[in-house]
file coords.cif (mmCIF, C-alpha atoms)
data_target
loop_
_atom_site.group_PDB
_atom_site.id
_atom_site.type_symbol
_atom_site.label_atom_id
_atom_site.label_comp_id
_atom_site.auth_asym_id
_atom_site.auth_seq_id
_atom_site.Cartn_x
_atom_site.Cartn_y
_atom_site.Cartn_z
ATOM 1 C CA MET A 1 0.000 0.000 0.000
ATOM 2 C CA GLU A 2 1.358 3.434 -0.893
ATOM 3 C CA ALA A 3 2.031 5.723 2.039
ATOM 4 C CA THR A 4 0.538 9.184 2.009
ATOM 5 C CA THR A 5 3.120 11.819 1.126
ATOM 6 C CA PRO A 6 4.626 12.892 4.444
ATOM 7 C CA PRO A 7 4.883 16.612 5.085
ATOM 8 C CA VAL A 8 8.325 16.170 6.637
ATOM 9 C CA ALA A 9 11.168 14.919 4.450
ATOM 10 C CA THR A 10 12.630 11.701 5.811
ATOM 11 C CA ALA A 11 16.344 10.953 5.793
ATOM 12 C CA ALA A 12 15.696 7.212 5.892
ATOM 13 C CA PRO A 13 12.518 6.693 3.828
ATOM 14 C CA ASP A 14 13.575 3.139 3.018
ATOM 15 C CA TYR A 15 13.710 2.026 6.649
ATOM 16 C CA PRO A 16 11.239 -0.841 7.206
ATOM 17 C CA ALA A 17 9.289 1.124 9.853
ATOM 18 C CA ARG A 18 7.972 4.514 8.694
ATOM 19 C CA PHE A 19 5.976 7.159 10.534
ATOM 20 C CA SER A 20 4.721 10.643 9.652
ATOM 21 C CA VAL A 21 1.945 13.027 10.675
ATOM 22 C CA GLU A 22 0.393 15.706 8.488
ATOM 23 C CA TYR A 23 1.038 19.186 9.846
ATOM 24 C CA PRO A 24 -2.173 21.069 10.765
ATOM 25 C CA GLU A 25 -2.321 24.727 9.789
ATOM 26 C CA ARG A 26 -4.849 25.487 12.516
ATOM 27 C CA LEU A 27 -5.864 23.730 15.740
ATOM 28 C CA SER A 28 -8.750 24.281 18.141
ATOM 29 C CA HIS A 29 -8.007 26.522 21.112
ATOM 30 C CA TRP A 30 -10.339 24.694 23.476
ATOM 31 C CA LYS A 31 -9.789 21.050 22.494
ATOM 32 C CA VAL A 32 -6.352 21.013 24.128
ATOM 33 C CA LEU A 33 -8.229 21.214 27.434
ATOM 34 C CA VAL A 34 -10.383 18.126 26.895
ATOM 35 C CA LYS A 35 -8.720 15.811 24.367
ATOM 36 C CA TRP A 36 -7.514 13.427 27.066
ATOM 37 C CA LEU A 37 -11.104 13.141 28.321
ATOM 38 C CA LEU A 38 -12.630 12.720 24.860
ATOM 39 C CA ALA A 39 -10.115 9.985 24.101
ATOM 40 C CA PHE A 40 -10.970 7.966 27.221
ATOM 41 C CA PRO A 41 -12.886 5.200 25.348
ATOM 42 C CA HIS A 42 -9.894 4.803 23.037
ATOM 43 C CA LEU A 43 -7.484 4.659 25.959
ATOM 44 C CA ILE A 44 -9.305 1.691 27.479
ATOM 45 C CA ILE A 45 -9.296 -0.197 24.167
ATOM 46 C CA VAL A 46 -5.686 0.671 23.391
ATOM 47 C CA TYR A 47 -4.604 -0.512 26.851
ATOM 48 C CA LEU A 48 -6.240 -3.891 26.250
ATOM 49 C CA LEU A 49 -4.813 -4.097 22.728
ATOM 50 C CA GLN A 50 -1.319 -3.441 24.052
ATOM 51 C CA LEU A 51 -1.724 -6.424 26.371
ATOM 52 C CA VAL A 52 -2.617 -8.502 23.314
ATOM 53 C CA ALA A 53 0.364 -7.026 21.468
ATOM 54 C CA SER A 54 2.712 -8.097 24.281
ATOM 55 C CA LEU A 55 1.448 -11.664 24.001
ATOM 56 C CA MET A 56 1.882 -11.571 20.234
ATOM 57 C CA VAL A 57 5.498 -10.450 20.609
ATOM 58 C CA LEU A 58 6.097 -13.457 22.860
ATOM 59 C CA VAL A 59 4.580 -15.784 20.257
ATOM 60 C CA ALA A 60 6.532 -14.029 17.507
ATOM 61 C CA PHE A 61 9.790 -14.548 19.413
ATOM 62 C CA PHE A 62 9.393 -18.297 19.125
ATOM 63 C CA ALA A 63 8.015 -18.056 15.596
ATOM 64 C CA VAL A 64 11.121 -16.149 14.478
ATOM 65 C CA LEU A 65 13.326 -18.569 16.391
ATOM 66 C CA PHE A 66 11.901 -21.595 14.574
ATOM 67 C CA THR A 67 10.610 -20.217 11.251
ATOM 68 C CA LYS A 68 12.561 -16.928 10.822
ATOM 69 C CA LYS A 69 9.400 -14.897 10.326
ATOM 70 C CA TRP A 70 6.385 -13.429 12.089
ATOM 71 C CA PRO A 71 3.090 -15.213 11.338
ATOM 72 C CA ARG A 72 1.732 -12.885 8.655
ATOM 73 C CA GLY A 73 -1.763 -12.427 10.098
ATOM 74 C CA MET A 74 -0.327 -11.582 13.519
ATOM 75 C CA PHE A 75 2.164 -9.182 11.941
ATOM 76 C CA ASP A 76 -0.581 -7.237 10.169
ATOM 77 C CA PHE A 77 -2.703 -7.141 13.332
ATOM 78 C CA MET A 78 0.292 -5.898 15.323
ATOM 79 C CA VAL A 79 0.814 -3.042 12.850
ATOM 80 C CA GLN A 80 -2.872 -2.126 13.162
ATOM 81 C CA ILE A 81 -2.672 -2.120 16.967
ATOM 82 C CA GLN A 82 0.335 0.171 16.940
ATOM 83 C CA ARG A 83 -1.234 2.450 14.318
ATOM 84 C CA TRP A 84 -4.406 2.729 16.432
ATOM 85 C CA THR A 85 -2.227 3.541 19.455
ATOM 86 C CA LEU A 86 -0.335 6.196 17.509
ATOM 87 C CA ASN A 87 -3.581 7.725 16.234
ATOM 88 C CA VAL A 88 -4.771 8.137 19.818
ATOM 89 C CA ALA A 89 -1.405 9.426 21.070
ATOM 90 C CA THR A 90 -1.255 11.947 18.222
ATOM 91 C CA TYR A 91 -4.704 13.251 19.151
ATOM 92 C CA ALA A 92 -4.710 13.129 22.946
ATOM 93 C CA PHE A 93 -1.122 13.453 24.116
ATOM 94 C CA THR A 94 1.026 15.121 21.481
ATOM 95 C CA LEU A 95 -1.907 17.370 20.409
ATOM 96 C CA MET A 96 -0.881 17.209 16.742
ATOM 97 C CA ARG A 97 -4.340 16.660 15.253
ATOM 98 C CA ASP A 98 -7.890 17.748 16.099
ATOM 99 C CA GLU A 99 -9.698 15.022 14.159
ATOM 100 C CA TYR A 100 -11.139 12.392 16.496
ATOM 101 C CA PRO A 101 -9.316 9.109 15.863
ATOM 102 C CA PRO A 102 -11.199 6.238 14.241
ATOM 103 C CA PHE A 103 -11.930 3.077 16.193
ATOM 104 C CA GLY A 104 -9.505 1.020 14.163
ATOM 105 C CA GLY A 105 -5.999 0.865 12.856
ATOM 106 C CA GLU A 106 -6.343 0.910 9.080
ATOM 107 C CA GLU A 107 -3.877 2.966 7.060
ATOM 108 C CA GLY A 108 -5.368 6.085 5.468
ATOM 109 C CA GLU A 109 -8.200 6.623 7.984
ATOM 110 C CA TYR A 110 -6.329 9.351 9.876
ATOM 111 C CA PRO A 111 -3.833 12.079 8.866
ATOM 112 C CA LEU A 112 -1.034 9.847 10.113
ATOM 113 C CA SER A 113 0.995 7.216 8.304
ATOM 114 C CA PHE A 114 2.560 4.218 10.035
ATOM 115 C CA GLN A 115 3.857 1.253 8.061
ATOM 116 C CA VAL A 116 6.190 -1.662 8.693
ATOM 117 C CA ASP A 117 7.544 -3.838 5.889
ATOM 118 C CA TYR A 118 7.038 -7.562 6.405
ATOM 119 C CA GLY A 119 10.289 -9.486 6.840
ATOM 120 C CA GLU A 120 10.431 -12.853 5.094
ATOM 121 C CA ASN A 121 13.780 -13.963 6.503
ATOM 122 C CA LEU A 122 14.528 -12.658 10.004
ATOM 123 C CA SER A 123 17.588 -13.680 11.972
ATOM 124 C CA ARG A 124 17.132 -16.349 14.630
ATOM 125 C CA TRP A 125 20.048 -15.274 16.800
ATOM 126 C CA MET A 126 19.497 -11.517 16.721
ATOM 127 C CA ILE A 127 16.296 -11.797 18.751
ATOM 128 C CA PHE A 128 18.517 -12.584 21.740
ATOM 129 C CA VAL A 129 20.724 -9.496 21.472
ATOM 130 C CA LYS A 130 18.636 -6.701 19.936
ATOM 131 C CA TRP A 131 17.774 -5.293 23.370
ATOM 132 C CA LEU A 132 21.495 -4.931 24.046
ATOM 133 C CA LEU A 133 22.325 -3.448 20.659
ATOM 134 C CA VAL A 134 19.818 -0.607 21.103
ATOM 135 C CA LEU A 135 21.156 0.599 24.467
ATOM 136 C CA PRO A 136 22.813 3.647 22.829
ATOM 137 C CA HIS A 137 19.454 4.506 21.257
ATOM 138 C CA LEU A 138 17.648 4.174 24.584
ATOM 139 C CA ILE A 139 20.087 6.530 26.289
ATOM 140 C CA ILE A 140 19.572 9.172 23.610
ATOM 141 C CA LEU A 141 15.805 8.641 23.570
ATOM 142 C CA THR A 142 15.668 9.252 27.318
ATOM 143 C CA PHE A 143 17.008 12.767 26.772
ATOM 144 C CA LEU A 144 14.847 13.289 23.698
ATOM 145 C CA ALA A 145 11.750 12.245 25.646
ATOM 146 C CA VAL A 146 12.468 14.818 28.357
ATOM 147 C CA ALA A 147 12.984 17.492 25.710
ATOM 148 C CA ALA A 148 9.786 16.419 23.923
ATOM 149 C CA TRP A 149 7.739 16.787 27.121
ATOM 150 C CA VAL A 150 9.072 20.317 27.591
ATOM 151 C CA VAL A 151 8.227 21.082 23.962
ATOM 152 C CA LEU A 152 4.711 19.665 24.454
ATOM 153 C CA ILE A 153 4.080 21.940 27.417
ATOM 154 C CA ILE A 154 5.140 24.971 25.378
ATOM 155 C CA ALA A 155 3.089 23.755 22.390
ATOM 156 C CA TRP A 156 0.024 23.332 24.637
ATOM 157 C CA PHE A 157 0.128 27.029 25.529
ATOM 158 C CA ALA A 158 0.902 28.004 21.942
ATOM 159 C CA ILE A 159 -2.187 26.131 20.700
ATOM 160 C CA LEU A 160 -4.332 27.494 23.523
ATOM 161 C CA PHE A 161 -3.487 31.117 22.721
ATOM 162 C CA THR A 162 -2.697 31.092 18.990
ATOM 163 C CA GLY A 163 -4.411 27.997 17.574
ATOM 164 C CA ARG A 164 -1.148 26.917 15.976
ATOM 165 C CA TYR A 165 1.448 24.237 16.700
ATOM 166 C CA PRO A 166 4.884 25.852 16.125
ATOM 167 C CA ARG A 167 6.287 23.975 13.119
ATOM 168 C CA GLY A 168 9.757 23.370 14.555
ATOM 169 C CA MET A 169 8.250 21.914 17.720
ATOM 170 C CA PHE A 170 5.870 19.769 15.688
ATOM 171 C CA ASP A 171 8.708 18.353 13.603
ATOM 172 C CA PHE A 172 10.770 17.635 16.713
ATOM 173 C CA VAL A 173 7.967 15.692 18.419
ATOM 174 C CA VAL A 174 7.216 13.720 15.240
ATOM 175 C CA GLY A 175 10.911 12.995 14.826
ATOM 176 C CA THR A 176 11.241 11.769 18.406
ATOM 177 C CA LEU A 177 8.256 9.465 17.913
ATOM 178 C CA ARG A 178 9.713 8.250 14.614
ATOM 179 C CA TRP A 179 13.027 7.397 16.284
ATOM 180 C CA TRP A 180 11.247 5.589 19.139
ATOM 181 C CA ILE A 181 9.071 3.626 16.687
ATOM 182 C CA ARG A 182 12.098 2.410 14.725
ATOM 183 C CA VAL A 183 13.750 1.200 17.919
ATOM 184 C CA GLN A 184 10.522 -0.513 18.983
ATOM 185 C CA ALA A 185 10.103 -2.221 15.606
ATOM 186 C CA TYR A 186 13.674 -3.484 15.775
ATOM 187 C CA ALA A 187 14.245 -4.426 19.414
ATOM 188 C CA HIS A 188 10.854 -4.888 21.050
ATOM 189 C CA TRP A 189 8.466 -5.937 18.300
ATOM 190 C CA LEU A 190 11.192 -7.959 16.489
ATOM 191 C CA MET A 191 9.722 -6.961 13.119
ATOM 192 C CA THR A 192 12.940 -6.039 11.338
ATOM 193 C CA ASP A 193 16.638 -6.890 11.520
ATOM 194 C CA ARG A 194 17.805 -3.587 10.085
ATOM 195 C CA TYR A 195 19.498 -1.493 12.750
ATOM 196 C CA PRO A 196 17.653 1.811 13.269
ATOM 197 C CA PRO A 197 19.379 5.043 12.233
ATOM 198 C CA PHE A 198 20.357 7.679 14.781
ATOM 199 C CA SER A 199 18.039 10.240 13.261
ATOM 200 C CA LEU A 200 14.847 12.201 13.876
ATOM 201 C CA LYS A 201 14.155 12.200 10.120
#

call {"tool": "encode", "arguments": {"input": "coords.cif", "output": "structure tokens"}}
result
Amino acid sequence: MEATTPPVATAAPDYPARFSVEYPERLSHWKVLVKWLLAFPHLIIVYLLQLVASLMVLVAFFAVLFTKKWPRGMFDFMVQIQRWTLNVATYAFTLMRDEYPPFGGEEGEYPLSFQVDYGENLSRWMIFVKWLLVLPHLIILTFLAVAAWVVLIIAWFAILFTGRYPRGMFDFVVGTLRWWIRVQAYAHWLMTDRYPPFSLK
């Protein structure tokens, strides 16, 4: 499936896990006050789906160990779960969109694109060491996450008073999420063997 054209140029568009969010020219002043409340039904569902996702990763660990691939149906469902989660996070927590997220995780239903390429021949042995290999990423992401929370607080006030998400702040938050998603796809979800780039783009 073709991804929607991302508004932010990506330095690694060929990486197996891709994420982008369309930049909104205007945002509601008042919705920043209640998005977390409006998203409450989604939050309950997403919480339960993440429990299912954790079980699927456990099953996938053994599937990769013995067959060198994720079961395809589970893989597609996992991508949908994570896309649904990202839709909700984009709406309720990072405040990047005003459109209420759909109750589903299909590509193209929301102004957000999240895709992961299916791996036909994953490494058996790398599943044991990926968590160790990404330690440098996790250290950097810890600092980026702190910076992103500060940016979100500033963006909250900017939206409240101006109805706009400062573009540089928007790109930084999207980039931080993109970096985190690549690390997740590689080390936690075990969906790709390609080492993630050290990049926000």

call {"tool": "residues_near_point", "arguments": {"input": "coords.cif", "point": "(3.2, 27.0, 19.7)", "cutoff": "7 Å", "atoms": "only C-alpha atoms", "output": "number ranges by chain"}}
result
A: 154-159, 164-166

call {"tool": "residues_around", "arguments": {"input": "coords.cif", "residues": "Arg124 of chain A", "least_positions_apart": "2", "cutoff": "10 Å", "atoms": "only C-alpha atoms", "output": "list in words"}}
result
Phe61, Phe62, Ala63, Val64, Leu65, Phe66, Thr67, Lys68, Lys69, Asn121, Leu122, Met126, Ile127, Phe128 and Asp193 of chain A

call {"tool": "resolve_selection", "arguments": {"input": "coords.cif", "expression": "the PyMOL selection byres ((chain A and resi 72-75) around 10)", "output": "ChimeraX atom specification"}}
result
/A:53,56-57,59-60,69-71,76-81,116-120,189,191

call {"tool": "resolve_selection", "arguments": {"input": "coords.cif", "expression": "the PyMOL selection byres ((chain A and resi 96) around 12)", "output": "MDAnalysis selection string"}}
result
chainID A and resid 20:28 31:32 35 86:95 97:101 110:112 152 155:156 159 163:167 169:174

call {"tool": "atom_distance", "arguments": {"input": "coords.cif", "atom1": "atom CA of Arg194 of chain A", "atom2": "atom CA of Gly104 of chain A"}}
result
28.0 Å

call {"tool": "atom_distance", "arguments": {"input": "coords.cif", "atom1": "atom CA of Trp131 of chain A", "atom2": "atom CA of Ala17 of chain A"}}
result
17.2 Å

call {"tool": "axis_aligned_box", "arguments": {"input": "coords.cif", "around": "segment 166-177 of chain A", "padding_each_side": "6 Å", "output": "lines of an AutoDock Vina configuration file"}}
result
center_x = 8.1
center_y = 17.7
center_z = 15.8
size_x = 18.4
size_y = 28.4
size_z = 17.3

call {"tool": "atom_distance", "arguments": {"input": "coords.cif", "atom1": "atom CA of Arg178 of chain A", "atom2": "atom CA of Leu58 of chain A"}}
result
23.5 Å

call {"tool": "closest_residue", "arguments": {"input": "coords.cif", "among": "A:Phe161, A:Trp180, A:Trp125, A:Phe114", "to": "Ala148 of chain A", "atoms": "only C-alpha atoms"}}
result
A:Trp180

call {"tool": "residues_around", "arguments": {"input": "coords.cif", "residues": "Ile181 of chain A", "least_positions_apart": "5", "cutoff": "12 Å", "atoms": "only C-alpha atoms", "output": "PDB file with C-alpha atoms, in the coordinates of the input"}}
result
ATOM      1  CA  TYR A  15      13.710   2.026   6.649  1.00  0.00           C
ATOM      2  CA  PRO A  16      11.239  -0.841   7.206  1.00  0.00           C
ATOM      3  CA  ALA A  17       9.289   1.124   9.853  1.00  0.00           C
ATOM      4  CA  ARG A  18       7.972   4.514   8.694  1.00  0.00           C
ATOM      5  CA  PHE A  19       5.976   7.159  10.534  1.00  0.00           C
ATOM      6  CA  SER A  20       4.721  10.643   9.652  1.00  0.00           C
ATOM      7  CA  VAL A  79       0.814  -3.042  12.850  1.00  0.00           C
ATOM      8  CA  GLN A  82       0.335   0.171  16.940  1.00  0.00           C
ATOM      9  CA  ARG A  83      -1.234   2.450  14.318  1.00  0.00           C
ATOM     10  CA  THR A  85      -2.227   3.541  19.455  1.00  0.00           C
ATOM     11  CA  LEU A  86      -0.335   6.196  17.509  1.00  0.00           C
ATOM     12  CA  PHE A 114       2.560   4.218  10.035  1.00  0.00           C
ATOM     13  CA  GLN A 115       3.857   1.253   8.061  1.00  0.00           C
ATOM     14  CA  VAL A 116       6.190  -1.662   8.693  1.00  0.00           C
ATOM     15  CA  HIS A 137      19.454   4.506  21.257  1.00  0.00           C
ATOM     16  CA  LEU A 138      17.648   4.174  24.584  1.00  0.00           C
ATOM     17  CA  LEU A 141      15.805   8.641  23.570  1.00  0.00           C
ATOM     18  CA  VAL A 174       7.216  13.720  15.240  1.00  0.00           C
ATOM     19  CA  GLY A 175      10.911  12.995  14.826  1.00  0.00           C
ATOM     20  CA  THR A 176      11.241  11.769  18.406  1.00  0.00           C
ATOM     21  CA  TYR A 186      13.674  -3.484  15.775  1.00  0.00           C
ATOM     22  CA  ALA A 187      14.245  -4.426  19.414  1.00  0.00           C
ATOM     23  CA  HIS A 188      10.854  -4.888  21.050  1.00  0.00           C
ATOM     24  CA  TRP A 189       8.466  -5.937  18.300  1.00  0.00           C
ATOM     25  CA  LEU A 190      11.192  -7.959  16.489  1.00  0.00           C
ATOM     26  CA  MET A 191       9.722  -6.961  13.119  1.00  0.00           C
ATOM     27  CA  THR A 192      12.940  -6.039  11.338  1.00  0.00           C
ATOM     28  CA  PRO A 196      17.653   1.811  13.269  1.00  0.00           C
ATOM     29  CA  PRO A 197      19.379   5.043  12.233  1.00  0.00           C
ATOM     30  CA  SER A 199      18.039  10.240  13.261  1.00  0.00           C
ATOM     31  CA  LEU A 200      14.847  12.201  13.876  1.00  0.00           C
ATOM     32  CA  LYS A 201      14.155  12.200  10.120  1.00  0.00           C
TER      33      LYS A 201
END

call {"tool": "closest_residue", "arguments": {"input": "coords.cif", "among": "A:Phe40, A:Phe103, A:Trp179, A:Tyr195", "to": "Ala145 of chain A", "atoms": "only C-alpha atoms"}}
result
A:Trp179
